[in-house]
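Asker: Next comes the structure file entry_19.txt, holding compact mmCIF, C-alpha atoms.
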```txt
# COMPACT_ATOMS: atom_id res chain seq x y z
CA MET A 16 227.68 83.76 143.75
CA SER A 17 225.97 86.58 141.87
CA SER A 18 227.76 89.92 141.66
CA ASN A 19 224.35 91.45 142.44
CA THR A 20 224.51 90.08 145.98
CA ARG A 21 225.62 92.79 148.38
CA VAL A 22 228.44 91.97 150.76
CA ALA A 23 229.77 93.46 153.99
CA LEU A 24 233.10 92.49 155.50
CA VAL A 25 234.50 93.03 159.01
CA THR A 26 238.17 92.59 159.91
CA GLY A 27 239.30 91.21 163.27
CA ALA A 28 235.85 89.81 163.92
CA ASN A 29 236.25 86.57 165.85
CA LYS A 30 235.65 88.34 169.19
CA GLY A 31 234.84 91.64 170.86
CA ILE A 32 233.73 94.67 168.88
CA GLY A 33 234.24 93.04 165.48
CA PHE A 34 232.18 90.02 166.47
CA ALA A 35 229.38 92.27 167.74
CA ILE A 36 229.40 94.25 164.48
CA VAL A 37 229.13 91.03 162.46
CA ARG A 38 226.24 89.85 164.62
CA ASP A 39 224.25 93.05 164.10
CA LEU A 40 225.10 93.24 160.40
CA CYS A 41 223.77 89.69 159.98
CA ARG A 42 220.52 90.88 161.52
CA GLN A 43 220.21 94.15 159.62
CA PHE A 44 222.27 94.09 156.39
CA ALA A 45 220.52 93.05 153.17
CA GLY A 46 223.26 90.81 151.83
CA ASP A 47 226.08 88.49 152.84
CA VAL A 48 228.31 89.26 155.83
CA VAL A 49 231.90 88.00 155.86
CA LEU A 50 233.59 87.51 159.22
CA THR A 51 237.37 87.59 158.94
CA ALA A 52 240.02 86.61 161.45
CA ARG A 53 243.75 85.95 161.42
CA ASP A 54 243.33 82.56 163.13
CA VAL A 55 241.20 80.17 161.05
CA ALA A 56 240.10 78.00 163.97
CA ARG A 57 238.98 80.99 166.04
CA GLY A 58 237.24 82.54 163.08
CA GLN A 59 235.35 79.38 162.25
CA ALA A 60 234.40 78.96 165.91
CA ALA A 61 232.97 82.48 165.88
CA VAL A 62 230.94 81.66 162.77
CA LYS A 63 229.56 78.53 164.46
CA GLN A 64 228.55 80.58 167.49
CA LEU A 65 226.59 82.96 165.27
CA GLN A 66 225.07 80.08 163.34
CA ALA A 67 223.81 78.70 166.67
CA GLU A 68 221.98 82.03 167.04
CA GLY A 69 220.27 81.49 163.68
CA LEU A 70 222.60 83.79 161.70
CA SER A 71 224.55 82.96 158.54
CA PRO A 72 227.89 84.77 158.26
CA ARG A 73 230.57 83.58 155.88
CA PHE A 74 234.22 83.21 156.90
CA HIS A 75 237.46 84.16 155.21
CA GLN A 76 240.94 84.19 156.72
CA LEU A 77 242.62 87.59 156.89
CA ASP A 78 245.84 88.72 158.52
CA ILE A 79 246.01 92.47 157.95
CA ILE A 80 249.81 92.58 158.25
CA ASP A 81 250.22 89.92 155.53
CA LEU A 82 249.85 91.31 151.99
CA GLN A 83 249.43 87.82 150.54
CA SER A 84 246.50 87.22 152.90
CA ILE A 85 244.91 90.56 151.97
CA ARG A 86 245.28 89.88 148.26
CA ALA A 87 243.78 86.40 148.62
CA LEU A 88 240.76 88.08 150.20
CA CYS A 89 240.61 90.53 147.28
CA ASP A 90 240.56 87.64 144.81
CA PHE A 91 237.73 86.02 146.78
CA LEU A 92 235.65 89.21 146.75
CA ARG A 93 236.19 89.80 143.04
CA LYS A 94 235.28 86.22 142.15
CA GLU A 95 232.29 85.86 144.48
CA TYR A 96 230.79 89.35 144.44
CA GLY A 97 232.54 91.49 141.86
CA GLY A 98 233.61 93.89 144.61
CA LEU A 99 232.64 95.00 148.09
CA ASP A 100 229.76 97.08 149.44
CA VAL A 101 230.68 97.58 153.09
CA LEU A 102 234.10 97.41 154.74
CA VAL A 103 234.57 97.71 158.51
CA ASN A 104 238.25 97.94 159.44
CA ASN A 105 238.15 96.78 163.04
CA ALA A 106 241.26 94.60 163.45
CA ALA A 107 243.70 96.03 166.00
CA ILE A 108 245.84 95.13 169.00
CA ALA A 109 246.47 96.80 172.35
CA PHE A 110 248.93 95.90 175.08
CA GLN A 111 247.65 95.78 178.66
CA LEU A 112 249.05 98.46 180.93
CA ASP A 113 251.05 95.94 182.97
CA ASN A 114 252.53 94.15 179.96
CA PRO A 115 256.32 93.81 180.45
CA THR A 116 257.15 94.05 176.73
CA PRO A 117 259.61 96.94 176.19
CA PHE A 118 257.87 100.15 175.17
CA HIS A 119 259.59 100.49 171.80
CA ILE A 120 258.58 96.95 170.83
CA GLN A 121 254.99 97.65 171.87
CA ALA A 122 255.09 100.76 169.69
CA GLU A 123 256.47 98.87 166.68
CA LEU A 124 254.00 95.98 166.89
CA THR A 125 250.98 98.18 167.60
CA MET A 126 251.84 100.50 164.71
CA LYS A 127 252.45 97.57 162.36
CA THR A 128 248.97 96.22 163.01
CA ASN A 129 246.71 99.14 163.83
CA PHE A 130 247.97 101.70 161.34
CA MET A 131 250.08 99.96 158.71
CA GLY A 132 247.77 96.94 158.58
CA THR A 133 244.67 99.08 158.21
CA ARG A 134 246.43 101.10 155.52
CA ASN A 135 247.34 97.93 153.63
CA VAL A 136 243.74 96.72 153.74
CA CYS A 137 242.49 100.07 152.47
CA THR A 138 245.10 100.18 149.70
CA GLU A 139 243.98 96.79 148.38
CA LEU A 140 240.24 96.88 149.12
CA LEU A 141 239.16 100.48 148.51
CA PRO A 142 239.40 100.02 144.72
CA LEU A 143 236.86 97.19 145.12
CA ILE A 144 234.25 99.34 146.90
CA LYS A 145 231.16 99.60 144.75
CA PRO A 146 229.20 102.82 144.12
CA GLN A 147 227.32 103.96 147.25
CA GLY A 148 229.60 101.73 149.30
CA ARG A 149 230.47 102.36 152.92
CA VAL A 150 233.80 102.15 154.73
CA VAL A 151 234.11 102.43 158.50
CA ASN A 152 237.54 102.58 160.12
CA VAL A 153 237.26 101.79 163.81
CA SER A 154 239.24 104.41 165.71
CA SER A 155 239.10 105.38 169.38
CA THR A 156 238.74 108.30 171.76
CA GLU A 157 242.19 107.20 172.92
CA GLY A 158 243.39 108.81 169.72
CA VAL A 159 241.84 112.13 170.76
CA ARG A 160 243.45 111.88 174.18
CA ALA A 161 246.83 111.03 172.67
CA LEU A 162 246.56 113.92 170.22
CA ASN A 163 245.90 116.33 173.07
CA GLU A 164 249.05 115.02 174.76
CA CYS A 165 251.18 115.68 171.68
CA SER A 166 253.11 118.90 171.15
CA PRO A 167 251.40 121.84 169.40
CA GLU A 168 253.68 121.25 166.41
CA LEU A 169 252.57 117.64 166.02
CA GLN A 170 248.94 118.56 166.58
CA GLN A 171 249.16 121.13 163.80
CA LYS A 172 250.59 118.55 161.41
CA PHE A 173 247.89 115.99 162.19
CA LYS A 174 245.09 118.54 161.93
CA SER A 175 246.28 119.92 158.59
CA GLU A 176 243.64 119.72 155.86
CA THR A 177 246.35 119.15 153.27
CA ILE A 178 248.40 116.42 154.98
CA THR A 179 249.27 113.66 152.53
CA GLU A 180 249.33 109.92 153.05
CA GLU A 181 253.10 109.92 152.62
CA GLU A 182 253.53 112.64 155.26
CA LEU A 183 251.31 110.74 157.67
CA VAL A 184 253.22 107.50 157.16
CA GLY A 185 256.42 109.43 157.82
CA LEU A 186 255.05 110.72 161.12
CA MET A 187 253.94 107.26 162.21
CA ASN A 188 257.37 105.82 161.38
CA LYS A 189 259.03 108.67 163.26
CA PHE A 190 257.05 107.85 166.40
CA VAL A 191 258.31 104.27 166.31
CA GLU A 192 261.89 105.40 165.72
CA ASP A 193 261.66 107.96 168.51
CA THR A 194 260.52 105.25 170.94
CA LYS A 195 263.47 103.09 169.92
CA ASN A 196 265.80 106.00 170.60
CA GLY A 197 264.10 106.84 173.90
CA VAL A 198 263.22 110.38 172.81
CA HIS A 199 259.52 110.17 172.00
CA ARG A 200 258.46 112.45 174.88
CA LYS A 201 261.19 114.95 174.01
CA GLU A 202 259.95 114.91 170.41
CA GLY A 203 256.43 115.77 171.54
CA TRP A 204 254.66 112.41 171.41
CA SER A 205 252.09 110.89 173.75
CA ASP A 206 253.04 107.89 175.90
CA SER A 207 250.08 105.91 174.47
CA THR A 208 251.23 103.64 171.65
CA TYR A 209 247.63 102.59 170.99
CA GLY A 210 246.46 106.19 171.04
CA VAL A 211 249.09 107.33 168.55
CA THR A 212 248.15 104.54 166.13
CA LYS A 213 244.52 105.64 166.37
CA ILE A 214 245.54 109.22 165.58
CA GLY A 215 246.98 107.69 162.45
CA VAL A 216 243.80 105.76 161.63
CA SER A 217 241.63 108.86 162.04
CA VAL A 218 243.88 111.09 159.94
CA LEU A 219 244.27 108.36 157.31
CA SER A 220 240.48 108.19 157.11
CA ARG A 221 240.32 111.92 156.41
CA ILE A 222 242.90 111.54 153.66
CA TYR A 223 241.07 108.64 152.01
CA ALA A 224 237.72 110.39 152.27
CA ARG A 225 239.25 113.40 150.53
CA LYS A 226 240.67 111.19 147.78
CA LEU A 227 237.30 109.50 147.25
CA ARG A 228 235.61 112.89 146.90
CA GLU A 229 238.20 113.95 144.35
CA GLN A 230 238.55 110.74 142.36
CA ARG A 231 235.17 108.98 142.68
CA ALA A 232 232.74 111.77 143.49
CA GLY A 233 229.99 110.28 141.35
CA ASP A 234 230.10 106.98 143.22
CA LYS A 235 228.89 108.55 146.49
CA ILE A 236 231.09 106.34 148.68
CA LEU A 237 231.05 107.29 152.35
CA LEU A 238 234.20 106.69 154.42
CA ASN A 239 234.34 107.54 158.11
CA ALA A 240 236.30 106.80 161.26
CA CYS A 241 234.43 106.32 164.52
CA CYS A 242 234.80 105.18 168.09
CA PRO A 243 232.22 102.40 168.52
CA GLY A 244 232.27 102.40 172.31
CA TRP A 245 233.08 99.52 174.64
CA GLU A 246 232.09 95.90 174.26
CA GLN A 247 232.19 94.03 177.56
CA ARG A 248 234.22 90.84 177.30
CA PRO A 249 236.82 89.14 179.47
CA PRO A 250 239.44 90.06 180.32
CA CYS A 251 238.30 93.68 180.80
CA THR A 252 240.69 95.55 183.07
CA TRP A 253 239.12 98.96 182.61
CA PRO A 254 237.17 100.04 185.72
CA PHE A 255 234.78 102.18 183.66
CA CYS A 256 234.02 99.56 180.99
CA PRO A 257 230.20 99.47 180.57
CA GLN A 258 228.35 96.82 178.63
CA MET A 259 227.07 98.01 175.27
CA GLN A 260 223.36 97.33 174.66
CA ARG A 261 223.56 95.48 171.36
CA GLY A 262 226.47 97.95 170.95
CA LEU A 263 228.24 99.43 168.01
CA MET A 264 225.28 101.37 166.64
CA VAL A 265 227.54 104.17 165.42
CA SER A 266 229.49 101.70 163.29
CA LEU A 267 226.31 100.13 161.99
CA LEU A 268 224.64 103.42 161.13
CA LEU A 269 227.67 104.42 159.11
CA THR A 270 227.34 101.25 157.02
CA LYS A 271 223.76 101.97 155.98
CA LYS A 272 222.93 103.41 152.57
CA LEU A 273 221.76 107.02 152.70
```
If you took the structure in this file and wrote it as structure tokens, what would it be?
Answerer:
Amino acid sequence: MSSNTRVALVTGANKGIGFAIVRDLCRQFAGDVVLTARDVARGQAAVKQLQAEGLSPRFHQLDIIDLQSIRALCDFLRKEYGGLDVLVNNAAIAFQLDNPTPFHIQAELTMKTNFMGTRNVCTELLPLIKPQGRVVNVSSTEGVRALNECSPELQQKFKSETITEEELVGLMNKFVEDTKNGVHRKEGWSDSTYGVTKIGVSVLSRIYARKLREQRAGDKILLNACCPGWEQRPPCTWPFCPQMQRGLMVSLLLTKKL
């Protein structure tokens, strides 16, 4: 594969929002589109579904909480394309409201995937982003709601323009520890494990965007976090869940070259 071929990659893309982003990128992006998924069979099934629609995505396995899996993907991108042009960090998990899993375990697993996993992918893949590349971290308005439910002290920390990656990681770890100790509300946290992880994703995006401006200003790389909206798919337990018309246009617009 020529290193001149542009490539876009979407994490967690075998269903839902990630799948819809891959579909529209295949239609609009001038280059190869790589669909990734933790489960190989499900990922390959998703690729076959898109191929039946006349599209041609590629597949690569990726488990964002497995560093070996992430680094295997890095090797693939270096060998096949010499880097990466577009990265959409979509992979995430969310527990249903009636899930009986203890709250502190929900917090630990959700944080491990949504925040720590996204951070691991960024740590390994951001150095591969080519000049004028685009990075979109899929966040959520649930993060805004959760932030508003946090104490003024926590809000101030998250909104700081000088917060560091290490400080943010410390806050995310503290949330998990506070849930284990049953004191997260007393310590000023929201009750939404998903929302808190998306606070982390949004703030992490600000930090990485700042680093890119400082360290690679001439490369004109654009990194953003966004809420792509809802993608209707079963099971959808949200009473206000509308169907997106070819959805995800915010995510797609952020991947386009300016």
Asker: Between A:Val211, A:Leu88, A:Leu65, A:Ala56, which residue has the minimum interatomic distance to A:Glu123, considering all atoms listed in the file?
Answerer: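 Result for the nearest residue to A:Glu123: A:Val211.
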Asker: From the options A:Arg38, A:Leu140, A:Ile80, A:Thr156, which residue's atoms come nearest to A:Gln66, counting all atoms listed in the file?
Answerer: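 So, comparing all the options, the nearest one is A:Arg38.
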Asker: Can you pull out the residues contacting A:Glu180? Cut-off 9 Å, using all atoms listed in the file, and skip same-chain residues under 2 positions away; I want them as a PyMOL selection string.
Answerer: chain A and resi 178+182-185+218-219+222-223
Asker: Would you compute the distance between atom CA of A:Arg160 and atom CA of A:Gly210? Give it in Å to one decimal.
Answerer: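 Computing it gives 7.2 Å between the two atoms.
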Asker: Tell me which residues come within 10 Å of (254.9, 105.3, 166.5), as a PyMOL selection string, counting all atoms listed in the file in the file's coordinates.
Answerer: chain A and resi 119+121-127+130+184-195+199+204-212+215
Asker: Using all atoms listed in the file, tabulate the residues of stretch 125-192 of chain A lying at most 12 Å from any atom of stretch 225-243 of chain A, each with its closest atom pair and that distance in Å to one decimal, by chain and increasing residue number, as a tab-separated table.
Answerer:
```
residue	atom	partner	partner_atom	distance
A:Thr133	CA	A:Ala240	CA	11.8
A:Cys137	CA	A:Leu238	CA	10.8
A:Leu141	CA	A:Leu227	CA	9.3
A:Pro142	CA	A:Leu227	CA	10.0
A:Leu143	CA	A:Ile236	CA	11.4
A:Ile144	CA	A:Ile236	CA	7.9
A:Lys145	CA	A:Asp234	CA	7.6
A:Pro146	CA	A:Asp234	CA	4.4
A:Gln147	CA	A:Ile236	CA	4.7
A:Gly148	CA	A:Ile236	CA	4.9
A:Arg149	CA	A:Leu237	CA	5.0
A:Val150	CA	A:Leu238	CA	4.6
A:Val151	CA	A:Asn239	CA	5.1
A:Asn152	CA	A:Ala240	CA	4.5
A:Val153	CA	A:Cys241	CA	5.4
A:Ser154	CA	A:Cys242	CA	5.1
A:Ser155	CA	A:Cys242	CA	4.5
A:Thr156	CA	A:Cys242	CA	6.2
A:Glu157	CA	A:Cys242	CA	9.1
A:Gly158	CA	A:Cys242	CA	9.5
A:Val159	CA	A:Cys242	CA	10.2
A:Glu176	CA	A:Arg225	CA	9.4
A:Thr177	CA	A:Arg225	CA	9.5
A:Ile178	CA	A:Arg225	CA	10.6
A:Thr179	CA	A:Lys226	CA	10.1
A:Glu180	CA	A:Lys226	CA	10.2
```
Asker: Quick one: of A:Pro167, A:Ala87, A:Val62, A:Lys172, who's nearest to A:Ala35, counting all atoms listed in the file?
Answerer: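 Closest residue, counting all atoms listed in the file: A:Val62.
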Asker: Using only C-alpha atoms for the distances, tell me which of A:Leu99, A:Leu40, A:Ala52, A:Ala161 is nearest to A:Ser71.
Answerer: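 Closest to A:Ser71, using only C-alpha atoms: A:Leu40.
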Asker: Rank nothing, just name the residue among A:Cys89, A:Val216, A:Val198, A:Val25 nearest to A:Asn105, using only C-alpha atoms.
Answerer: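 Once distances to A:Asn105 are computed over only C-alpha atoms, the minimum belongs to A:Val25.
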Asker: From the list A:Asn196, A:Ala61, A:Leu162, A:Arg134, which residue is nearest A:Ser220 when using all atoms listed in the file?
Answerer: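 Nearest candidate to A:Ser220 out of A:Asn196, A:Ala61, A:Leu162, A:Arg134: A:Arg134.
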Asker: Separation of atom CA of A:Gln43 and atom CA of A:Gln76, in Å?
Answerer: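 Answer for the atom CA of A:Gln43 to atom CA of A:Gln76 separation: 23.2 Å.
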Asker: Quick one, how far is atom CA of A:Gly203 from atom CA of A:Leu169?
Answerer: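 Interatomic distance, atom CA of A:Gly203 to atom CA of A:Leu169: 7.0 Å.
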Asker: Counting only C-alpha atoms, find the residues whose atoms lie at most 12 Å from (236.2, 81.2, 164.4) (file coordinates) and write them out as JSON, numbers by chain.
Answerer: {"A": [27, 28, 29, 30, 34, 49, 50, 51, 52, 53, 54, 55, 56, 57, 58, 59, 60, 61, 62, 63, 64, 65, 66, 72, 73, 74, 75, 76, 77]}
Asker: What does the file look like for those residues with C-alpha atoms, as a PDB file, in the coordinates of the input?
Answerer:
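out_9.pdb, written as the output of this step:
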```pdb
ATOM      1  CA  GLY A  27     239.300  91.210 163.270  1.00  0.00           C
ATOM      2  CA  ALA A  28     235.850  89.810 163.920  1.00  0.00           C
ATOM      3  CA  ASN A  29     236.250  86.570 165.850  1.00  0.00           C
ATOM      4  CA  LYS A  30     235.650  88.340 169.190  1.00  0.00           C
ATOM      5  CA  PHE A  34     232.180  90.020 166.470  1.00  0.00           C
ATOM      6  CA  VAL A  49     231.900  88.000 155.860  1.00  0.00           C
ATOM      7  CA  LEU A  50     233.590  87.510 159.220  1.00  0.00           C
ATOM      8  CA  THR A  51     237.370  87.590 158.940  1.00  0.00           C
ATOM      9  CA  ALA A  52     240.020  86.610 161.450  1.00  0.00           C
ATOM     10  CA  ARG A  53     243.750  85.950 161.420  1.00  0.00           C
ATOM     11  CA  ASP A  54     243.330  82.560 163.130  1.00  0.00           C
ATOM     12  CA  VAL A  55     241.200  80.170 161.050  1.00  0.00           C
ATOM     13  CA  ALA A  56     240.100  78.000 163.970  1.00  0.00           C
ATOM     14  CA  ARG A  57     238.980  80.990 166.040  1.00  0.00           C
ATOM     15  CA  GLY A  58     237.240  82.540 163.080  1.00  0.00           C
ATOM     16  CA  GLN A  59     235.350  79.380 162.250  1.00  0.00           C
ATOM     17  CA  ALA A  60     234.400  78.960 165.910  1.00  0.00           C
ATOM     18  CA  ALA A  61     232.970  82.480 165.880  1.00  0.00           C
ATOM     19  CA  VAL A  62     230.940  81.660 162.770  1.00  0.00           C
ATOM     20  CA  LYS A  63     229.560  78.530 164.460  1.00  0.00           C
ATOM     21  CA  GLN A  64     228.550  80.580 167.490  1.00  0.00           C
ATOM     22  CA  LEU A  65     226.590  82.960 165.270  1.00  0.00           C
ATOM     23  CA  GLN A  66     225.070  80.080 163.340  1.00  0.00           C
ATOM     24  CA  PRO A  72     227.890  84.770 158.260  1.00  0.00           C
ATOM     25  CA  ARG A  73     230.570  83.580 155.880  1.00  0.00           C
ATOM     26  CA  PHE A  74     234.220  83.210 156.900  1.00  0.00           C
ATOM     27  CA  HIS A  75     237.460  84.160 155.210  1.00  0.00           C
ATOM     28  CA  GLN A  76     240.940  84.190 156.720  1.00  0.00           C
ATOM     29  CA  LEU A  77     242.620  87.590 156.890  1.00  0.00           C
TER      30      LEU A  77
END
```
